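In what follows, a single structure is set out as structure tokens and then discussed.
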Protein chains: 2
Amino acid sequence: MTRPVVPDSHEDLLTRPLFCHLGTVRHDGAPQVNPMWVLWEDGDLSFTTSTTRVKYHNLQRDNRVSVSLNDPEQPYRFLEVRGRVHRIVPDPDGVFFRRLATRYGRELHGTLPPDVATRVRLVIRPEVARWQ
Amino acid sequence: MTRPVVPDSHEDLLTRPLFCHLGTVRHDGAPQVNPMWVLWEDGDLSFTTSTTRVKYHNLQRDNRVSVSLNDPEQPYRFLEVRGRVHRIVPDPDGVFFRRLATRYGRELHGTLPPDVATRVRLVIRPEVARWQ
């Protein structure tokens, strides 16, 4: 069972290179949300971040996330996926970062981000989805 | 001081009728995020919801929110505003709902949502912003 929760009707919101909005919980219990690249593969959602980011520290304390997307052409079509960090894969050479950059049409011109040494791939396993 | 935290450079993300993604905290402490209409007025962010929604119950327990937006034309321009519910104004006649629907170009054809009797306007006072 590789896709337990995301309905076929809304999977395009994850396969198209749309920005999603990733929610985590801060040290004081307040929510934090920001736009992110996402890759949907083998039933998991993957993100690139750095171990220096607040979001990463949030997830070290509480590995639960919520991911929200809507369709730019039909904004009332939306998908929320909630789940947990399942794996964190170091990406010090930016291999996964480059893969996401290519998916989102970001020209890197051979450069990598200045924080590449601390880059990681966050792999989220979906648990619940809501959609409309 | 009507706009303490949102920089002039990114205020257009709130004045244009862009969907934002609103994060709240669920009963079990996990984050929840979903797309919402928003109105930026007098330094506050207002949303329409219903007292029957999970989001409303989340905010009854913990009034902290995070609001994330990015620019559809320049998706790396983003704004996150964090704040708290400052006021909840009943909207049983859908006056505020209609105002937001008009702002977002949603044709109502004289109808109101079936849950109009439980509609409320949530007024959020910003406390912190992040942008890029």
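Following the order of the structure tokens, first chain is A, next is B, and so on, with residues numbered from 1 inside each chain and ligands from 1 in the order they appear.
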
Which RMSD value, in Å, describes how well chain A fits onto chain B when all C-alpha atoms are paired in order and fitted by least squares?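 Answer to one decimal place: 0.0 Å.
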
Kindly provide, as a list in words, the residues of chain A having any atom no farther than 8 Å from an atom of chain B, counting only C-alpha atoms.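 For chain A, the answer reads Phe19, His21, Leu22, Gly23, Thr24, Val25, Gly29, Ala30, Pro31, Gln32, Val33, Asn34, Pro35, Arg64, Val65, Ser66, Val67, Ser68, Leu69, Asn70, Pro75, Phe78, Leu79, Glu80 and Arg82 of chain A.
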
Note to self: List as a list in words the protein and nucleic acid residues near stretch 85-99 of chain B, meaning an atom at most 7 Å away when only C-alpha atoms are counted, but skip any in the same chain fewer than 2 places from it.
What the structure shows: Thr48, Asn63, Arg64, Ala101, Thr102, Arg103, Leu112, Val116, Ala117, Thr118, Arg119, Val120, Arg121, Leu122, Val123, Ile124 and Arg125 of chain B

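Atom CA of A:Val54 lies 23.1 Å from atom CA of B:Leu59.
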
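Straight-line separation from atom CA of B:Asp28 to atom CA of B:Arg61: 10.8 Å.
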
The residue from B:Ala129, B:Glu107, B:Leu13, B:His27 with the smallest atom-to-atom distance to B:Asn58, counting only C-alpha atoms, is B:His27

If you run DSSP on the backbone here, which positions in stretch 1-130 of chain A get strand (DSSP E or B)? Please write them as number ranges by chain. A: 20-25, 31-36, 39-41, 44-50, 64-71, 74-90, 119-130

Residue set, chain A restricted to helix (DSSP H, G or I), as a PDB file with all heavy atoms, in the first residue's frame:
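Output contents, as saved in part-v7.pdb:
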ATOM      1  N   ASP A   8      -6.865   9.575  -5.597  1.00  0.00           N
ATOM      2  CA  ASP A   8      -6.447   9.740  -6.996  1.00  0.00           C
ATOM      3  C   ASP A   8      -6.921  11.074  -7.568  1.00  0.00           C
ATOM      4  O   ASP A   8      -6.226  11.703  -8.354  1.00  0.00           O
ATOM      5  CB  ASP A   8      -7.040   8.606  -7.851  1.00  0.00           C
ATOM      6  CG  ASP A   8      -6.393   7.264  -7.537  1.00  0.00           C
ATOM      7  OD1 ASP A   8      -5.350   7.258  -6.854  1.00  0.00           O
ATOM      8  OD2 ASP A   8      -6.936   6.232  -7.970  1.00  0.00           O
ATOM      9  N   SER A   9      -8.105  11.511  -7.120  1.00  0.00           N
ATOM     10  CA  SER A   9      -8.698  12.734  -7.675  1.00  0.00           C
ATOM     11  C   SER A   9      -7.854  13.979  -7.412  1.00  0.00           C
ATOM     12  O   SER A   9      -7.989  14.979  -8.105  1.00  0.00           O
ATOM     13  CB  SER A   9     -10.091  12.953  -7.069  1.00  0.00           C
ATOM     14  OG  SER A   9      -9.968  13.140  -5.663  1.00  0.00           O
ATOM     15  N   HIS A  10      -7.004  13.916  -6.381  1.00  0.00           N
ATOM     16  CA  HIS A  10      -6.220  15.098  -6.000  1.00  0.00           C
ATOM     17  C   HIS A  10      -4.711  14.875  -6.050  1.00  0.00           C
ATOM     18  O   HIS A  10      -3.947  15.750  -5.653  1.00  0.00           O
ATOM     19  CB  HIS A  10      -6.636  15.571  -4.593  1.00  0.00           C
ATOM     20  CG  HIS A  10      -7.968  16.240  -4.581  1.00  0.00           C
ATOM     21  ND1 HIS A  10      -9.133  15.579  -4.924  1.00  0.00           N
ATOM     22  CD2 HIS A  10      -8.330  17.533  -4.319  1.00  0.00           C
ATOM     23  CE1 HIS A  10     -10.149  16.428  -4.841  1.00  0.00           C
ATOM     24  NE2 HIS A  10      -9.698  17.607  -4.491  1.00  0.00           N
ATOM     25  N   ASP A  12      -2.829  14.948  -8.520  1.00  0.00           N
ATOM     26  CA  ASP A  12      -2.163  15.907  -9.424  1.00  0.00           C
ATOM     27  C   ASP A  12      -1.608  17.118  -8.661  1.00  0.00           C
ATOM     28  O   ASP A  12      -0.646  17.741  -9.105  1.00  0.00           O
ATOM     29  CB  ASP A  12      -3.124  16.387 -10.510  1.00  0.00           C
ATOM     30  CG  ASP A  12      -4.272  17.220  -9.952  1.00  0.00           C
ATOM     31  OD1 ASP A  12      -5.142  16.652  -9.254  1.00  0.00           O
ATOM     32  OD2 ASP A  12      -4.281  18.455 -10.188  1.00  0.00           O
ATOM     33  N   LEU A  13      -2.208  17.447  -7.520  1.00  0.00           N
ATOM     34  CA  LEU A  13      -1.697  18.597  -6.752  1.00  0.00           C
ATOM     35  C   LEU A  13      -0.307  18.306  -6.194  1.00  0.00           C
ATOM     36  O   LEU A  13       0.434  19.226  -5.842  1.00  0.00           O
ATOM     37  CB  LEU A  13      -2.665  18.964  -5.622  1.00  0.00           C
ATOM     38  CG  LEU A  13      -4.059  19.435  -6.076  1.00  0.00           C
ATOM     39  CD1 LEU A  13      -4.946  19.733  -4.864  1.00  0.00           C
ATOM     40  CD2 LEU A  13      -3.965  20.670  -6.963  1.00  0.00           C
ATOM     41  N   LEU A  14       0.030  17.015  -6.111  1.00  0.00           N
ATOM     42  CA  LEU A  14       1.370  16.634  -5.634  1.00  0.00           C
ATOM     43  C   LEU A  14       2.321  16.307  -6.783  1.00  0.00           C
ATOM     44  O   LEU A  14       3.537  16.475  -6.632  1.00  0.00           O
ATOM     45  CB  LEU A  14       1.266  15.418  -4.702  1.00  0.00           C
ATOM     46  CG  LEU A  14       0.524  15.674  -3.390  1.00  0.00           C
ATOM     47  CD1 LEU A  14       0.328  14.367  -2.630  1.00  0.00           C
ATOM     48  CD2 LEU A  14       1.290  16.687  -2.530  1.00  0.00           C
ATOM     49  N   THR A  15       1.788  15.849  -7.910  1.00  0.00           N
ATOM     50  CA  THR A  15       2.684  15.494  -9.021  1.00  0.00           C
ATOM     51  C   THR A  15       3.064  16.726  -9.839  1.00  0.00           C
ATOM     52  O   THR A  15       4.165  16.782 -10.383  1.00  0.00           O
ATOM     53  CB  THR A  15       2.058  14.417  -9.936  1.00  0.00           C
ATOM     54  OG1 THR A  15       0.766  14.860 -10.355  1.00  0.00           O
ATOM     55  CG2 THR A  15       1.904  13.105  -9.196  1.00  0.00           C
ATOM     56  N   VAL A  54      14.775  26.847  11.568  1.00  0.00           N
ATOM     57  CA  VAL A  54      13.804  26.688  12.658  1.00  0.00           C
ATOM     58  C   VAL A  54      12.909  25.477  12.401  1.00  0.00           C
ATOM     59  O   VAL A  54      12.639  24.675  13.305  1.00  0.00           O
ATOM     60  CB  VAL A  54      12.958  27.974  12.822  1.00  0.00           C
ATOM     61  CG1 VAL A  54      11.808  27.738  13.786  1.00  0.00           C
ATOM     62  CG2 VAL A  54      13.836  29.124  13.301  1.00  0.00           C
ATOM     63  N   LYS A  55      12.474  25.351  11.179  1.00  0.00           N
ATOM     64  CA  LYS A  55      11.593  24.226  10.805  1.00  0.00           C
ATOM     65  C   LYS A  55      12.223  22.874  11.178  1.00  0.00           C
ATOM     66  O   LYS A  55      11.557  21.975  11.666  1.00  0.00           O
ATOM     67  CB  LYS A  55      11.390  24.349   9.300  1.00  0.00           C
ATOM     68  CG  LYS A  55      10.755  23.267   8.567  1.00  0.00           C
ATOM     69  CD  LYS A  55      10.612  23.527   7.057  1.00  0.00           C
ATOM     70  CE  LYS A  55      11.140  24.642   6.299  1.00  0.00           C
ATOM     71  NZ  LYS A  55      11.665  25.782   6.313  1.00  0.00           N
ATOM     72  N   TYR A  56      13.530  22.760  10.926  1.00  0.00           N
ATOM     73  CA  TYR A  56      14.223  21.508  11.257  1.00  0.00           C
ATOM     74  C   TYR A  56      14.230  21.292  12.773  1.00  0.00           C
ATOM     75  O   TYR A  56      13.953  20.184  13.255  1.00  0.00           O
ATOM     76  CB  TYR A  56      15.652  21.541  10.710  1.00  0.00           C
ATOM     77  CG  TYR A  56      16.419  20.271  10.980  1.00  0.00           C
ATOM     78  CD1 TYR A  56      16.256  19.152  10.175  1.00  0.00           C
ATOM     79  CD2 TYR A  56      17.290  20.179  12.070  1.00  0.00           C
ATOM     80  CE1 TYR A  56      16.950  17.981  10.432  1.00  0.00           C
ATOM     81  CE2 TYR A  56      17.984  19.009  12.328  1.00  0.00           C
ATOM     82  CZ  TYR A  56      17.805  17.913  11.512  1.00  0.00           C
ATOM     83  OH  TYR A  56      18.480  16.746  11.773  1.00  0.00           O
ATOM     84  N   HIS A  57      14.506  22.339  13.516  1.00  0.00           N
ATOM     85  CA  HIS A  57      14.500  22.209  14.979  1.00  0.00           C
ATOM     86  C   HIS A  57      13.093  21.877  15.488  1.00  0.00           C
ATOM     87  O   HIS A  57      12.929  21.061  16.398  1.00  0.00           O
ATOM     88  CB  HIS A  57      15.047  23.488  15.631  1.00  0.00           C
ATOM     89  CG  HIS A  57      16.491  23.704  15.312  1.00  0.00           C
ATOM     90  ND1 HIS A  57      17.468  22.814  15.689  1.00  0.00           N
ATOM     91  CD2 HIS A  57      17.121  24.674  14.605  1.00  0.00           C
ATOM     92  CE1 HIS A  57      18.647  23.237  15.249  1.00  0.00           C
ATOM     93  NE2 HIS A  57      18.466  24.356  14.582  1.00  0.00           N
ATOM     94  N   ASN A  58      12.092  22.516  14.878  1.00  0.00           N
ATOM     95  CA  ASN A  58      10.709  22.167  15.253  1.00  0.00           C
ATOM     96  C   ASN A  58      10.472  20.665  15.096  1.00  0.00           C
ATOM     97  O   ASN A  58       9.880  20.022  15.973  1.00  0.00           O
ATOM     98  CB  ASN A  58       9.707  22.904  14.355  1.00  0.00           C
ATOM     99  CG  ASN A  58       9.680  24.407  14.565  1.00  0.00           C
ATOM    100  OD1 ASN A  58      10.253  24.915  15.532  1.00  0.00           O
ATOM    101  ND2 ASN A  58       9.040  25.134  13.658  1.00  0.00           N
ATOM    102  N   LEU A  59      10.950  20.117  13.986  1.00  0.00           N
ATOM    103  CA  LEU A  59      10.681  18.710  13.683  1.00  0.00           C
ATOM    104  C   LEU A  59      11.514  17.755  14.534  1.00  0.00           C
ATOM    105  O   LEU A  59      11.139  16.590  14.711  1.00  0.00           O
ATOM    106  CB  LEU A  59      10.905  18.435  12.190  1.00  0.00           C
ATOM    107  CG  LEU A  59       9.869  19.119  11.305  1.00  0.00           C
ATOM    108  CD1 LEU A  59      10.279  19.033   9.840  1.00  0.00           C
ATOM    109  CD2 LEU A  59       8.487  18.491  11.507  1.00  0.00           C
ATOM    110  N   GLN A  60      12.610  18.245  15.082  1.00  0.00           N
ATOM    111  CA  GLN A  60      13.386  17.422  16.014  1.00  0.00           C
ATOM    112  C   GLN A  60      12.600  17.211  17.317  1.00  0.00           C
ATOM    113  O   GLN A  60      12.709  16.181  17.961  1.00  0.00           O
ATOM    114  CB  GLN A  60      14.723  18.094  16.348  1.00  0.00           C
ATOM    115  CG  GLN A  60      15.691  18.159  15.197  1.00  0.00           C
ATOM    116  CD  GLN A  60      16.219  16.777  14.822  1.00  0.00           C
ATOM    117  OE1 GLN A  60      15.864  16.215  13.785  1.00  0.00           O
ATOM    118  NE2 GLN A  60      17.033  16.207  15.673  1.00  0.00           N
ATOM    119  N   ARG A  61      11.818  18.227  17.688  1.00  0.00           N
ATOM    120  CA  ARG A  61      11.004  18.136  18.912  1.00  0.00           C
ATOM    121  C   ARG A  61       9.691  17.415  18.668  1.00  0.00           C
ATOM    122  O   ARG A  61       9.207  16.658  19.493  1.00  0.00           O
ATOM    123  CB  ARG A  61      10.674  19.547  19.424  1.00  0.00           C
ATOM    124  CG  ARG A  61      11.735  20.217  20.261  1.00  0.00           C
ATOM    125  CD  ARG A  61      11.187  21.513  20.835  1.00  0.00           C
ATOM    126  NE  ARG A  61      10.629  22.337  19.784  1.00  0.00           N
ATOM    127  CZ  ARG A  61      11.313  23.235  19.096  1.00  0.00           C
ATOM    128  NH1 ARG A  61      12.572  23.475  19.357  1.00  0.00           N
ATOM    129  NH2 ARG A  61      10.736  23.920  18.132  1.00  0.00           N
ATOM    130  N   VAL A  95      22.483  16.710  -3.907  1.00  0.00           N
ATOM    131  CA  VAL A  95      21.908  15.880  -4.975  1.00  0.00           C
ATOM    132  C   VAL A  95      20.381  15.979  -4.961  1.00  0.00           C
ATOM    133  O   VAL A  95      19.743  16.206  -6.000  1.00  0.00           O
ATOM    134  CB  VAL A  95      22.364  14.406  -4.835  1.00  0.00           C
ATOM    135  CG1 VAL A  95      21.630  13.512  -5.832  1.00  0.00           C
ATOM    136  CG2 VAL A  95      23.870  14.310  -5.010  1.00  0.00           C
ATOM    137  N   PHE A  96      19.797  15.844  -3.782  1.00  0.00           N
ATOM    138  CA  PHE A  96      18.335  15.941  -3.701  1.00  0.00           C
ATOM    139  C   PHE A  96      17.877  17.381  -3.929  1.00  0.00           C
ATOM    140  O   PHE A  96      16.867  17.624  -4.599  1.00  0.00           O
ATOM    141  CB  PHE A  96      17.822  15.408  -2.355  1.00  0.00           C
ATOM    142  CG  PHE A  96      16.329  15.426  -2.279  1.00  0.00           C
ATOM    143  CD1 PHE A  96      15.575  14.573  -3.073  1.00  0.00           C
ATOM    144  CD2 PHE A  96      15.664  16.329  -1.458  1.00  0.00           C
ATOM    145  CE1 PHE A  96      14.184  14.612  -3.045  1.00  0.00           C
ATOM    146  CE2 PHE A  96      14.272  16.367  -1.424  1.00  0.00           C
ATOM    147  CZ  PHE A  96      13.532  15.511  -2.218  1.00  0.00           C
ATOM    148  N   PHE A  97      18.623  18.338  -3.411  1.00  0.00           N
ATOM    149  CA  PHE A  97      18.305  19.747  -3.654  1.00  0.00           C
ATOM    150  C   PHE A  97      18.235  20.019  -5.160  1.00  0.00           C
ATOM    151  O   PHE A  97      17.287  20.634  -5.643  1.00  0.00           O
ATOM    152  CB  PHE A  97      19.357  20.654  -2.994  1.00  0.00           C
ATOM    153  CG  PHE A  97      19.102  22.107  -3.246  1.00  0.00           C
ATOM    154  CD1 PHE A  97      18.311  22.844  -2.376  1.00  0.00           C
ATOM    155  CD2 PHE A  97      19.622  22.740  -4.374  1.00  0.00           C
ATOM    156  CE1 PHE A  97      18.043  24.189  -2.627  1.00  0.00           C
ATOM    157  CE2 PHE A  97      19.351  24.089  -4.632  1.00  0.00           C
ATOM    158  CZ  PHE A  97      18.568  24.801  -3.753  1.00  0.00           C
ATOM    159  N   ARG A  98      19.229  19.557  -5.910  1.00  0.00           N
ATOM    160  CA  ARG A  98      19.242  19.794  -7.363  1.00  0.00           C
ATOM    161  C   ARG A  98      18.054  19.134  -8.045  1.00  0.00           C
ATOM    162  O   ARG A  98      17.487  19.675  -8.987  1.00  0.00           O
ATOM    163  CB  ARG A  98      20.546  19.259  -7.975  1.00  0.00           C
ATOM    164  CG  ARG A  98      21.719  20.232  -7.847  1.00  0.00           C
ATOM    165  CD  ARG A  98      22.846  19.868  -8.818  1.00  0.00           C
ATOM    166  NE  ARG A  98      23.362  18.533  -8.543  1.00  0.00           N
ATOM    167  CZ  ARG A  98      24.423  18.292  -7.744  1.00  0.00           C
ATOM    168  NH1 ARG A  98      25.076  19.286  -7.190  1.00  0.00           N
ATOM    169  NH2 ARG A  98      24.827  17.061  -7.544  1.00  0.00           N
ATOM    170  N   ARG A  99      17.698  17.964  -7.544  1.00  0.00           N
ATOM    171  CA  ARG A  99      16.562  17.262  -8.141  1.00  0.00           C
ATOM    172  C   ARG A  99      15.278  18.085  -7.975  1.00  0.00           C
ATOM    173  O   ARG A  99      14.487  18.235  -8.907  1.00  0.00           O
ATOM    174  CB  ARG A  99      16.427  15.901  -7.449  1.00  0.00           C
ATOM    175  CG  ARG A  99      15.457  15.013  -8.127  1.00  0.00           C
ATOM    176  CD  ARG A  99      15.476  13.621  -7.509  1.00  0.00           C
ATOM    177  NE  ARG A  99      14.280  12.927  -7.918  1.00  0.00           N
ATOM    178  CZ  ARG A  99      13.756  11.892  -7.302  1.00  0.00           C
ATOM    179  NH1 ARG A  99      14.355  11.396  -6.231  1.00  0.00           N
ATOM    180  NH2 ARG A  99      12.645  11.343  -7.739  1.00  0.00           N
ATOM    181  N   LEU A 100      15.077  18.645  -6.789  1.00  0.00           N
ATOM    182  CA  LEU A 100      13.886  19.472  -6.569  1.00  0.00           C
ATOM    183  C   LEU A 100      13.979  20.781  -7.368  1.00  0.00           C
ATOM    184  O   LEU A 100      12.977  21.238  -7.926  1.00  0.00           O
ATOM    185  CB  LEU A 100      13.706  19.781  -5.085  1.00  0.00           C
ATOM    186  CG  LEU A 100      12.892  18.766  -4.296  1.00  0.00           C
ATOM    187  CD1 LEU A 100      12.657  19.263  -2.879  1.00  0.00           C
ATOM    188  CD2 LEU A 100      11.533  18.502  -4.962  1.00  0.00           C
ATOM    189  N   ALA A 101      15.158  21.376  -7.416  1.00  0.00           N
ATOM    190  CA  ALA A 101      15.321  22.618  -8.182  1.00  0.00           C
ATOM    191  C   ALA A 101      14.936  22.385  -9.648  1.00  0.00           C
ATOM    192  O   ALA A 101      14.235  23.202 -10.266  1.00  0.00           O
ATOM    193  CB  ALA A 101      16.759  23.123  -8.074  1.00  0.00           C
ATOM    194  N   THR A 102      15.368  21.258 -10.188  1.00  0.00           N
ATOM    195  CA  THR A 102      15.034  20.933 -11.580  1.00  0.00           C
ATOM    196  C   THR A 102      13.529  20.748 -11.738  1.00  0.00           C
ATOM    197  O   THR A 102      12.916  21.271 -12.668  1.00  0.00           O
ATOM    198  CB  THR A 102      15.771  19.638 -12.006  1.00  0.00           C
ATOM    199  OG1 THR A 102      17.167  19.877 -11.882  1.00  0.00           O
ATOM    200  CG2 THR A 102      15.426  19.242 -13.423  1.00  0.00           C
ATOM    201  N   ARG A 103      12.943  20.041 -10.788  1.00  0.00           N
ATOM    202  CA  ARG A 103      11.482  19.826 -10.837  1.00  0.00           C
ATOM    203  C   ARG A 103      10.737  21.149 -10.864  1.00  0.00           C
ATOM    204  O   ARG A 103       9.722  21.289 -11.537  1.00  0.00           O
ATOM    205  CB  ARG A 103      11.085  18.976  -9.615  1.00  0.00           C
ATOM    206  CG  ARG A 103       9.601  18.933  -9.299  1.00  0.00           C
ATOM    207  CD  ARG A 103       9.321  17.832  -8.275  1.00  0.00           C
ATOM    208  NE  ARG A 103       8.110  18.061  -7.502  1.00  0.00           N
ATOM    209  CZ  ARG A 103       6.865  17.841  -7.949  1.00  0.00           C
ATOM    210  NH1 ARG A 103       6.667  17.415  -9.177  1.00  0.00           N
ATOM    211  NH2 ARG A 103       5.826  18.072  -7.164  1.00  0.00           N
ATOM    212  N   VAL A 116      24.622  24.218   1.644  1.00  0.00           N
ATOM    213  CA  VAL A 116      24.508  22.840   1.148  1.00  0.00           C
ATOM    214  C   VAL A 116      25.081  21.807   2.132  1.00  0.00           C
ATOM    215  O   VAL A 116      24.556  20.692   2.244  1.00  0.00           O
ATOM    216  CB  VAL A 116      25.123  22.695  -0.265  1.00  0.00           C
ATOM    217  CG1 VAL A 116      26.647  22.860  -0.234  1.00  0.00           C
ATOM    218  CG2 VAL A 116      24.710  21.372  -0.898  1.00  0.00           C
ATOM    219  N   ALA A 117      26.113  22.176   2.866  1.00  0.00           N
ATOM    220  CA  ALA A 117      26.747  21.212   3.778  1.00  0.00           C
ATOM    221  C   ALA A 117      25.772  20.702   4.838  1.00  0.00           C
ATOM    222  O   ALA A 117      25.920  19.580   5.350  1.00  0.00           O
ATOM    223  CB  ALA A 117      27.956  21.843   4.452  1.00  0.00           C
ATOM    224  N   THR A 118      24.759  21.521   5.163  1.00  0.00           N
ATOM    225  CA  THR A 118      23.797  21.128   6.198  1.00  0.00           C
ATOM    226  C   THR A 118      22.436  20.730   5.605  1.00  0.00           C
ATOM    227  O   THR A 118      21.465  20.574   6.349  1.00  0.00           O
ATOM    228  CB  THR A 118      23.588  22.277   7.205  1.00  0.00           C
ATOM    229  OG1 THR A 118      23.172  23.442   6.485  1.00  0.00           O
ATOM    230  CG2 THR A 118      24.861  22.579   7.980  1.00  0.00           C
TER     231      THR A 118
END

* **Point-to-point distance in Å for atom CA of A:Asp71 and atom CA of B:Glu73** =>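 We find that atom CA of B:Glu73 and atom CA of A:Asp71 lie 14.5 Å from each other.
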